[in-house]
Each structure stands twice: as C-alpha cells, then as structure tokens.
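What's in input-v9.cif: mmCIF, N, CA and C atoms
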data_my_file
loop_
_atom_site.label_atom_id
_atom_site.label_comp_id
_atom_site.auth_asym_id
_atom_site.auth_seq_id
_atom_site.Cartn_x
_atom_site.Cartn_y
_atom_site.Cartn_z
N MET A 199 89.36 -58.19 111.77
CA MET A 199 89.26 -56.75 112.01
C MET A 199 90.66 -56.11 112.05
N VAL A 200 91.59 -56.74 112.76
CA VAL A 200 92.93 -56.18 112.87
C VAL A 200 93.59 -56.13 111.49
N LEU A 201 93.44 -57.19 110.72
CA LEU A 201 94.04 -57.21 109.38
C LEU A 201 93.43 -56.12 108.51
N ARG A 202 92.16 -55.89 108.65
CA ARG A 202 91.50 -54.84 107.87
C ARG A 202 92.08 -53.48 108.22
N LEU A 203 92.34 -53.24 109.50
CA LEU A 203 92.95 -51.97 109.91
C LEU A 203 94.35 -51.83 109.35
N LEU A 204 95.12 -52.92 109.37
CA LEU A 204 96.49 -52.87 108.84
C LEU A 204 96.49 -52.56 107.35
N GLU A 205 95.48 -53.04 106.65
CA GLU A 205 95.40 -52.83 105.21
C GLU A 205 94.83 -51.47 104.83
N GLN A 206 94.16 -50.78 105.77
CA GLN A 206 93.46 -49.56 105.42
C GLN A 206 94.02 -48.29 106.05
N GLU A 207 94.60 -48.39 107.23
CA GLU A 207 95.08 -47.19 107.92
C GLU A 207 96.26 -46.59 107.18
N ARG A 208 96.14 -45.33 106.80
CA ARG A 208 97.18 -44.66 106.03
C ARG A 208 97.58 -43.35 106.70
N ARG A 209 98.81 -42.94 106.44
CA ARG A 209 99.32 -41.66 106.91
C ARG A 209 99.00 -40.62 105.84
N GLU A 210 97.89 -39.96 105.97
CA GLU A 210 97.43 -38.98 105.00
C GLU A 210 98.34 -37.75 104.95
N ASP A 211 99.12 -37.55 106.02
CA ASP A 211 99.99 -36.37 106.08
C ASP A 211 101.32 -36.57 105.34
N LEU A 212 101.56 -37.78 104.82
CA LEU A 212 102.81 -38.05 104.12
C LEU A 212 102.56 -38.24 102.63
N ALA A 213 103.55 -37.90 101.84
CA ALA A 213 103.44 -38.06 100.39
C ALA A 213 103.22 -39.53 100.03
N GLY A 214 102.30 -39.78 99.15
CA GLY A 214 102.01 -41.14 98.71
C GLY A 214 101.07 -41.89 99.64
N HIS A 215 100.76 -41.31 100.79
CA HIS A 215 99.85 -41.91 101.78
C HIS A 215 100.20 -43.37 102.09
N PRO A 216 101.40 -43.61 102.62
CA PRO A 216 101.80 -44.99 102.93
C PRO A 216 100.95 -45.58 104.05
N LEU A 217 100.89 -46.89 104.08
CA LEU A 217 100.19 -47.57 105.16
C LEU A 217 100.90 -47.29 106.48
N THR A 218 100.13 -47.17 107.55
CA THR A 218 100.68 -46.83 108.86
C THR A 218 101.74 -47.84 109.31
N TRP A 219 101.49 -49.13 109.06
CA TRP A 219 102.46 -50.15 109.49
C TRP A 219 103.77 -50.02 108.73
N GLN A 220 103.71 -49.55 107.49
CA GLN A 220 104.94 -49.39 106.71
C GLN A 220 105.80 -48.27 107.30
N VAL A 221 105.16 -47.20 107.73
CA VAL A 221 105.88 -46.09 108.35
C VAL A 221 106.48 -46.54 109.67
N ALA A 222 105.71 -47.29 110.45
CA ALA A 222 106.20 -47.78 111.74
C ALA A 222 107.40 -48.71 111.55
N LEU A 223 107.33 -49.59 110.57
CA LEU A 223 108.44 -50.50 110.30
C LEU A 223 109.68 -49.74 109.85
N GLU A 224 109.50 -48.78 108.97
CA GLU A 224 110.63 -47.96 108.51
C GLU A 224 111.27 -47.22 109.68
N ASN A 225 110.45 -46.68 110.56
CA ASN A 225 110.98 -45.97 111.73
C ASN A 225 111.73 -46.91 112.67
N LEU A 226 111.20 -48.11 112.87
CA LEU A 226 111.86 -49.09 113.72
C LEU A 226 113.23 -49.45 113.14
N LEU A 227 113.28 -49.74 111.87
CA LEU A 227 114.56 -50.08 111.23
C LEU A 227 115.55 -48.93 111.30
N ALA A 228 115.09 -47.72 111.06
CA ALA A 228 115.97 -46.56 111.12
C ALA A 228 116.56 -46.40 112.51
N GLN A 229 115.73 -46.59 113.53
CA GLN A 229 116.22 -46.45 114.90
C GLN A 229 117.19 -47.57 115.26
N LEU A 230 116.89 -48.80 114.84
CA LEU A 230 117.78 -49.93 115.14
C LEU A 230 119.13 -49.78 114.46
N LEU A 231 119.12 -49.19 113.26
CA LEU A 231 120.35 -49.00 112.51
C LEU A 231 121.08 -47.71 112.88
N GLY A 232 120.45 -46.91 113.74
CA GLY A 232 121.05 -45.66 114.16
C GLY A 232 121.07 -44.60 113.07
N GLU A 233 120.11 -44.67 112.18
CA GLU A 233 120.03 -43.73 111.07
C GLU A 233 118.85 -42.77 111.30
N GLN A 234 119.06 -41.84 112.20
CA GLN A 234 117.98 -40.94 112.61
C GLN A 234 117.44 -40.09 111.46
N ALA A 235 118.24 -39.89 110.42
CA ALA A 235 117.78 -39.09 109.28
C ALA A 235 116.66 -39.81 108.51
N ARG A 236 116.56 -41.13 108.68
CA ARG A 236 115.53 -41.91 107.98
C ARG A 236 114.21 -41.96 108.73
N VAL A 237 114.18 -41.48 109.97
CA VAL A 237 112.95 -41.54 110.78
C VAL A 237 111.92 -40.60 110.18
N ILE A 238 110.71 -41.13 110.02
CA ILE A 238 109.59 -40.37 109.45
C ILE A 238 108.73 -39.89 110.61
N ASN A 239 108.47 -38.61 110.65
CA ASN A 239 107.63 -38.08 111.74
C ASN A 239 106.24 -37.96 111.32
#
Using the file provided, produce a representation of the structure as structure tokens.
Amino acid sequence: MVLRLLEQERREDLAGHPLTWQVALENLLAQLLGEQARVIN
C-alpha cells in the first residue's frame, strides 16, 4: 500500500505533475545544501 502511494501521489499544482516524494527529496537536498532558491513550495 505504501509503495502504491509513493508511485501515485503527485503534485498536481506543479508543472509536469512530479511525484510527491520527488518534490520532498528535492526540497530536502536544497535545504541541506543551503540553496533556498531551489525549494519548491
């Protein structure tokens, strides 16, 4: 069930409708690297 959610949940409000986990990972990396301009809201 969890894997199914990871594969299906998308950010419909963003261009290209990326998977939610991809946005979360990108935000985590941006914050760890101190690159606030890369954070996706």
For this session: Pick out each residue of chain A that DSSP on the backbone tags as alpha helix (DSSP H); I need them as a PyMOL selection string.
Result: chain A and resi 200-206+218-231
Exercise. For the file shown, what are the residues hit by the PyMOL selection byres ((chain A and resi 219-221) around 7), laid out as a PyMOL selection string?
Worked result: chain A and resi 204+207-208+216-218+222-226+238
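You will find CA of His215 in chain A at 13.6 Å from atom C of Leu203 in chain A.
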Problem set entry | Residue neighbourhood Ala228 in chain A, 6.5 Å, all atoms listed in the file, exclusion window fewer than 6 positions, as a PyMOL selection string | chain A and resi 234+236-237
Store the residues picked out above in a file with N, CA and C atoms, as a PDB file, in the frame of the given file.
ATOM      1  N   GLN A 234     119.060 -41.840 112.200  1.00  0.00           N
ATOM      2  CA  GLN A 234     117.980 -40.940 112.610  1.00  0.00           C
ATOM      3  C   GLN A 234     117.440 -40.090 111.460  1.00  0.00           C
ATOM      4  N   ARG A 236     116.560 -41.130 108.680  1.00  0.00           N
ATOM      5  CA  ARG A 236     115.530 -41.910 107.980  1.00  0.00           C
ATOM      6  C   ARG A 236     114.210 -41.960 108.730  1.00  0.00           C
ATOM      7  N   VAL A 237     114.180 -41.480 109.970  1.00  0.00           N
ATOM      8  CA  VAL A 237     112.950 -41.540 110.780  1.00  0.00           C
ATOM      9  C   VAL A 237     111.920 -40.600 110.180  1.00  0.00           C
TER      10      VAL A 237
END
Problem set entry | Gap from CA of Ala235 in chain A to CA of Ala213 in chain A - Å, one decimal |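 Pair CA of Ala235 in chain A / CA of Ala213 in chain A returns 16.9 Å.
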